[in-house]
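**Student:** Quick one: the structure is below, questions incoming.
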Amino acid sequence: MPQAEKTLPPTDHAPADPFGWDPDPLVLISRRPRILYFPRVLATRDATEDDYKRWRSDSSTTAQRQEEQMAVGAGVTFLGAYTTSWVDLATRPGHAPAVPDVARMILVEPFTRVRDLITRAENKDPASGRLLPHKAHAIYLRILRHLQREAKDGRAGVNPWETVDGFDAPELTLLRLSEVFSQRTDAGQQAHATVTATIRHLRRDRHEVLTPLGALHDYAVRSRAGGAILEECRRWAVAKKIG
């Protein structure tokens with residue numbers, strides 16, 4: 001079992017405050033940009049064993065599986081985290097409030113081609129009509145669980161969730177953001193090295209880079225262990241004329 005699977009929580013637990021700030025979100029770390037493919041139905045429900053039998057049959061086609069796409073950037077991808085992005089760019093380390101400005105929080109999530117399903121009425125707050133962060137997160141996590149299962153079962157060629165010979169880390173890792181900052185585990189150390197090495201090479205793409213990198217920055221400024229990542233984010237911000 002890939003190490004990351006042990007960290008996965010239940011997919012759809014509603015928090016007491018659905019629009020509260022999560023101080024330690026589950027994030028996806030990727031060594032490079034990539035497009036992940038998955039059956040469209042996963043945006044609405046868990047896959048059944050019958051689904052897997054059908055998808056894995058010799059007669060199965062991409063069209064029959066209704067394969068969709070999710071874009072993952074190099075470094076950190078947030079999976080439906082409700083937070084700020086670049087709001088604390090001028091804040092001195094150690095001086096950020098414990099919780100970011102609630103009025104300026106946004107949902108930071110990967111780009112997918114199933115946005116129409118993610119934003120269905122059942123995933124929104126009835127009172128405000130806003131997309132519920134925990135509902136969006138559950139969908140992204142369900143997609144990643146499916147991809148982990150396919151890789152574990154040998155359906156994806158080289159398993160990107162496991163370290164292969166010649167490399168010191170897997171291509172993809174799921175872990176808590178605090179683990180990336182603190183580097184208290186091998187996975188955290190590897191993720192930290194990936195993140196710090198990739199930031200300087202990122203281009204200013206609004207959805208795949210600018211917004212999630214700003215979210216990473218605003219988390220890093222609140223972490224005692226986030227100094228190295230914070231510095232890289234701020235160097236990038238200066239180079240790209242952010243703020």
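By convention in this document, the chains of the structure tokens carry letters A, B, ... by their order, each chain's residues are numbered from 1, and ligands are numbered from 1 in the order they are shown.
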Applying 12 Å and only C-alpha atoms, which residues near stretch 178-187 of chain A remain after dropping the ones on its own chain fewer than 5 positions away? List them as number ranges by chain.
**Tutor:** A: 2-4, 7, 22-29, 75-76, 161-163, 168-173, 192-196, 216-217, 219-230
**Student:** Can you write out the residues you just picked, keeping C-alpha atoms, as a short mmCIF file (atom, residue, chain, number, x, y, z; two decimals), in the first residue's frame?
**Tutor:**
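Ended up saving to result.cif:
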data_model
loop_
_atom_site.label_atom_id
_atom_site.label_comp_id
_atom_site.auth_asym_id
_atom_site.auth_seq_id
_atom_site.Cartn_x
_atom_site.Cartn_y
_atom_site.Cartn_z
CA PRO A 2 1.42 3.44 -0.89
CA GLN A 3 2.33 5.34 2.25
CA ALA A 4 0.00 8.20 1.33
CA THR A 7 -3.23 9.50 5.64
CA ASP A 22 -8.41 24.44 7.73
CA PRO A 23 -5.01 25.05 9.35
CA ASP A 24 -3.55 21.81 7.99
CA PRO A 25 -5.09 20.70 4.69
CA LEU A 26 -4.31 17.50 2.84
CA VAL A 27 -2.34 18.40 -0.29
CA LEU A 28 -1.00 16.64 -3.36
CA ILE A 29 2.71 16.98 -4.12
CA GLY A 75 4.84 21.28 -6.26
CA VAL A 76 1.70 21.73 -4.14
CA TRP A 161 2.81 6.82 -5.83
CA GLU A 162 5.86 4.68 -5.08
CA THR A 163 9.57 5.47 -5.29
CA ASP A 168 14.59 9.43 -3.95
CA ALA A 169 10.84 10.16 -3.93
CA PRO A 170 7.63 9.14 -5.69
CA GLU A 171 6.16 11.26 -8.47
CA LEU A 172 2.98 11.85 -6.45
CA THR A 173 2.43 12.08 -2.70
CA HIS A 192 9.74 19.89 1.01
CA ALA A 193 12.67 19.36 -1.36
CA THR A 194 10.30 19.04 -4.33
CA VAL A 195 8.36 22.17 -3.43
CA THR A 196 11.36 24.41 -2.77
CA LEU A 216 1.00 28.12 -0.04
CA HIS A 217 2.61 31.45 0.84
CA TYR A 219 0.06 29.05 4.96
CA ALA A 220 3.86 29.26 5.15
CA VAL A 221 3.79 32.67 6.83
CA ARG A 222 1.71 31.09 9.63
CA SER A 223 4.00 28.10 10.12
CA ARG A 224 7.04 28.19 12.39
CA ALA A 225 8.66 25.69 10.04
CA GLY A 226 7.60 27.40 6.80
CA GLY A 227 10.56 29.76 6.46
CA ALA A 228 12.35 28.17 3.49
CA ILE A 229 9.17 27.80 1.45
CA LEU A 230 8.05 31.29 2.43
#
**Student:** Please identify which residues in stretch 108-175 of chain A DSSP calls strand (DSSP E or B) from the backbone, and express them as a ChimeraX atom specification.
**Tutor:** /A:108,112,124,131,172-175
**Student:** Find the nearest atom pair between each residue of stretch 59-119 of chain A and stretch 132-135 of chain A for residues within 12 Å, count only C-alpha atoms, give distances in Å to one decimal, sort rows by chain and ascending number, and present the table as JSON lines.
**Tutor:**
{"residue": "A:Phe78", "atom": "CA", "partner": "A:Pro133", "partner_atom": "CA", "distance": 11.2}
{"residue": "A:Leu79", "atom": "CA", "partner": "A:Pro133", "partner_atom": "CA", "distance": 9.0}
{"residue": "A:Gly80", "atom": "CA", "partner": "A:Pro133", "partner_atom": "CA", "distance": 5.6}
{"residue": "A:Ala81", "atom": "CA", "partner": "A:Pro133", "partner_atom": "CA", "distance": 6.5}
{"residue": "A:Tyr82", "atom": "CA", "partner": "A:Pro133", "partner_atom": "CA", "distance": 6.3}
{"residue": "A:Thr83", "atom": "CA", "partner": "A:Pro133", "partner_atom": "CA", "distance": 10.1}
{"residue": "A:Met105", "atom": "CA", "partner": "A:Pro133", "partner_atom": "CA", "distance": 11.3}
{"residue": "A:Ile106", "atom": "CA", "partner": "A:Pro133", "partner_atom": "CA", "distance": 9.5}
{"residue": "A:Leu107", "atom": "CA", "partner": "A:Pro133", "partner_atom": "CA", "distance": 6.8}
{"residue": "A:Val108", "atom": "CA", "partner": "A:Pro133", "partner_atom": "CA", "distance": 9.0}
{"residue": "A:Glu109", "atom": "CA", "partner": "A:Pro133", "partner_atom": "CA", "distance": 9.3}
{"residue": "A:Leu117", "atom": "CA", "partner": "A:Lys135", "partner_atom": "CA", "distance": 11.3}
{"residue": "A:Ile118", "atom": "CA", "partner": "A:Lys135", "partner_atom": "CA", "distance": 8.1}
{"residue": "A:Thr119", "atom": "CA", "partner": "A:Leu132", "partner_atom": "CA", "distance": 9.0}
**Student:** Which distance in Å separates atom CA of A:Arg145 and atom CA of A:Thr62, to one decimal?
**Tutor:**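 Separation between atom CA of A:Arg145 and atom CA of A:Thr62: 19.3 Å.
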**Student:** So, counting only C-alpha atoms, which residue among A:Thr48, A:Ser60, A:Thr198, A:Ser30 is closest to A:Thr77?
**Tutor:** A:Ser30
**Student:** Listing only residues of stretch 60-110 of chain A within 8 Å of stretch 36-40 of chain A, what is the closest atom pair and its distance in Å (to one decimal) for each, using only C-alpha atoms, sorted by chain and residue number ascending, as JSON lines?
**Tutor:**
{"residue": "A:Arg65", "atom": "CA", "partner": "A:Pro39", "partner_atom": "CA", "distance": 5.3}
{"residue": "A:Gln66", "atom": "CA", "partner": "A:Pro39", "partner_atom": "CA", "distance": 5.4}
{"residue": "A:Glu67", "atom": "CA", "partner": "A:Pro39", "partner_atom": "CA", "distance": 4.4}
{"residue": "A:Glu68", "atom": "CA", "partner": "A:Phe38", "partner_atom": "CA", "distance": 5.4}
{"residue": "A:Gln69", "atom": "CA", "partner": "A:Tyr37", "partner_atom": "CA", "distance": 4.7}
{"residue": "A:Met70", "atom": "CA", "partner": "A:Leu36", "partner_atom": "CA", "distance": 5.1}
{"residue": "A:Ala71", "atom": "CA", "partner": "A:Leu36", "partner_atom": "CA", "distance": 6.4}
{"residue": "A:Val72", "atom": "CA", "partner": "A:Leu36", "partner_atom": "CA", "distance": 7.4}
**Student:** Given the selection you just returned, output its residues as a file containing all heavy atoms, formatted as an mmCIF file, in the first residue's frame.
**Tutor:**
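In the end it all went to part-v6.cif:
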data_model
loop_
_atom_site.group_PDB
_atom_site.id
_atom_site.type_symbol
_atom_site.label_atom_id
_atom_site.label_comp_id
_atom_site.auth_asym_id
_atom_site.auth_seq_id
_atom_site.Cartn_x
_atom_site.Cartn_y
_atom_site.Cartn_z
ATOM 1 N N ARG A 65 -15.767 4.923 -20.722
ATOM 2 C CA ARG A 65 -15.436 5.312 -19.353
ATOM 3 C C ARG A 65 -15.701 6.792 -19.105
ATOM 4 O O ARG A 65 -15.662 7.243 -17.967
ATOM 5 C CB ARG A 65 -13.960 5.007 -19.060
ATOM 6 C CG ARG A 65 -13.627 3.525 -19.023
ATOM 7 C CD ARG A 65 -12.222 3.289 -18.510
ATOM 8 N NE ARG A 65 -11.195 3.867 -19.376
ATOM 9 C CZ ARG A 65 -10.658 3.249 -20.428
ATOM 10 N NH1 ARG A 65 -11.055 2.022 -20.746
ATOM 11 N NH2 ARG A 65 -9.720 3.843 -21.149
ATOM 12 N N GLN A 66 -15.960 7.523 -20.176
ATOM 13 C CA GLN A 66 -16.165 8.975 -20.090
ATOM 14 C C GLN A 66 -15.014 9.624 -19.310
ATOM 15 O O GLN A 66 -15.218 10.328 -18.334
ATOM 16 C CB GLN A 66 -17.512 9.309 -19.431
ATOM 17 C CG GLN A 66 -18.728 8.914 -20.245
ATOM 18 C CD GLN A 66 -20.019 9.380 -19.603
ATOM 19 O OE1 GLN A 66 -20.418 8.878 -18.559
ATOM 20 N NE2 GLN A 66 -20.668 10.352 -20.211
ATOM 21 N N GLU A 67 -13.816 9.377 -19.795
ATOM 22 C CA GLU A 67 -12.648 9.875 -19.084
ATOM 23 C C GLU A 67 -12.564 11.399 -19.122
ATOM 24 O O GLU A 67 -12.748 12.029 -20.156
ATOM 25 C CB GLU A 67 -11.366 9.268 -19.661
ATOM 26 C CG GLU A 67 -11.178 7.818 -19.253
ATOM 27 C CD GLU A 67 -9.757 7.334 -19.494
ATOM 28 O OE1 GLU A 67 -8.942 8.099 -20.039
ATOM 29 O OE2 GLU A 67 -9.466 6.184 -19.118
ATOM 30 N N GLU A 68 -12.282 11.966 -17.964
ATOM 31 C CA GLU A 68 -12.118 13.405 -17.816
ATOM 32 C C GLU A 68 -10.705 13.701 -17.331
ATOM 33 O O GLU A 68 -9.905 12.785 -17.141
ATOM 34 C CB GLU A 68 -13.149 13.951 -16.828
ATOM 35 C CG GLU A 68 -14.592 13.780 -17.279
ATOM 36 C CD GLU A 68 -14.968 14.678 -18.458
ATOM 37 O OE1 GLU A 68 -14.102 15.401 -18.985
ATOM 38 O OE2 GLU A 68 -16.141 14.647 -18.858
ATOM 39 N N GLN A 69 -10.415 14.976 -17.130
ATOM 40 C CA GLN A 69 -9.045 15.381 -16.804
ATOM 41 C C GLN A 69 -9.006 16.276 -15.567
ATOM 42 O O GLN A 69 -9.927 17.050 -15.317
ATOM 43 C CB GLN A 69 -8.422 16.150 -17.969
ATOM 44 C CG GLN A 69 -8.338 15.370 -19.261
ATOM 45 C CD GLN A 69 -7.784 16.216 -20.395
ATOM 46 O OE1 GLN A 69 -7.324 17.334 -20.185
ATOM 47 N NE2 GLN A 69 -7.835 15.677 -21.600
ATOM 48 N N MET A 70 -7.914 16.153 -14.814
ATOM 49 C CA MET A 70 -7.617 17.066 -13.716
ATOM 50 C C MET A 70 -6.172 17.497 -13.860
ATOM 51 O O MET A 70 -5.281 16.657 -14.006
ATOM 52 C CB MET A 70 -7.854 16.392 -12.369
ATOM 53 C CG MET A 70 -7.571 17.316 -11.190
ATOM 54 S SD MET A 70 -8.191 16.671 -9.603
ATOM 55 C CE MET A 70 -6.970 15.393 -9.257
ATOM 56 N N ALA A 71 -5.933 18.799 -13.832
ATOM 57 C CA ALA A 71 -4.587 19.330 -13.987
ATOM 58 C C ALA A 71 -3.905 19.455 -12.627
ATOM 59 O O ALA A 71 -4.486 19.970 -11.676
ATOM 60 C CB ALA A 71 -4.628 20.691 -14.675
ATOM 61 N N VAL A 72 -2.670 18.994 -12.561
ATOM 62 C CA VAL A 72 -1.871 19.057 -11.342
ATOM 63 C C VAL A 72 -0.582 19.806 -11.663
ATOM 64 O O VAL A 72 0.094 19.497 -12.644
ATOM 65 C CB VAL A 72 -1.541 17.635 -10.833
ATOM 66 C CG1 VAL A 72 -0.517 17.684 -9.719
ATOM 67 C CG2 VAL A 72 -2.806 16.934 -10.372
#
**Student:** Would you return as a VMD selection string the members of stretch 167-236 of chain A that DSSP assigns to alpha helix (DSSP H) on this structure's backbone?
**Tutor:** chain A and resid 177 to 182 186 to 199 211 to 220 227 to 236
**Student:** With only C-alpha atoms as the atoms that count, which of A:Ala127, A:Ala237, A:Ala121, A:Ile199 lies nearest to A:Thr44?
**Tutor:**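 For A:Thr44, the nearest of the candidates is A:Ala121.
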**Student:** Work out how far atom CA of A:Phe19 is from atom CA of A:Trp236, in Å to one decimal.
**Tutor:**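 Interatomic distance, atom CA of A:Trp236 to atom CA of A:Phe19: 29.1 Å.
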**Student:** Mind checking which residues fall within 7 Å of stretch 205-209 of chain A, counting only C-alpha atoms, ignoring those fewer than 4 positions away in the same chain, and posting them as a PyMOL selection string?
**Tutor:** chain A and resi 73+110+213
**Student:** Given the selection you just returned, output its residues as a file containing N, CA, C and O atoms, formatted as a compact mmCIF listing (two decimals), in the first residue's frame.
**Tutor:**
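Wrote again.txt, looks like this:
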# COMPACT_ATOMS: atom_id res chain seq x y z
N GLY A 73 -0.27 20.80 -10.85
CA GLY A 73 0.95 21.56 -11.08
C GLY A 73 2.14 20.94 -10.40
O GLY A 73 2.01 20.05 -9.55
N PRO A 110 -7.82 22.33 -7.88
CA PRO A 110 -7.25 22.08 -9.21
C PRO A 110 -8.27 22.31 -10.31
O PRO A 110 -9.49 22.27 -10.07
N LEU A 213 0.00 28.98 -5.40
CA LEU A 213 1.27 29.39 -4.81
C LEU A 213 1.03 30.48 -3.77
O LEU A 213 1.69 30.51 -2.72
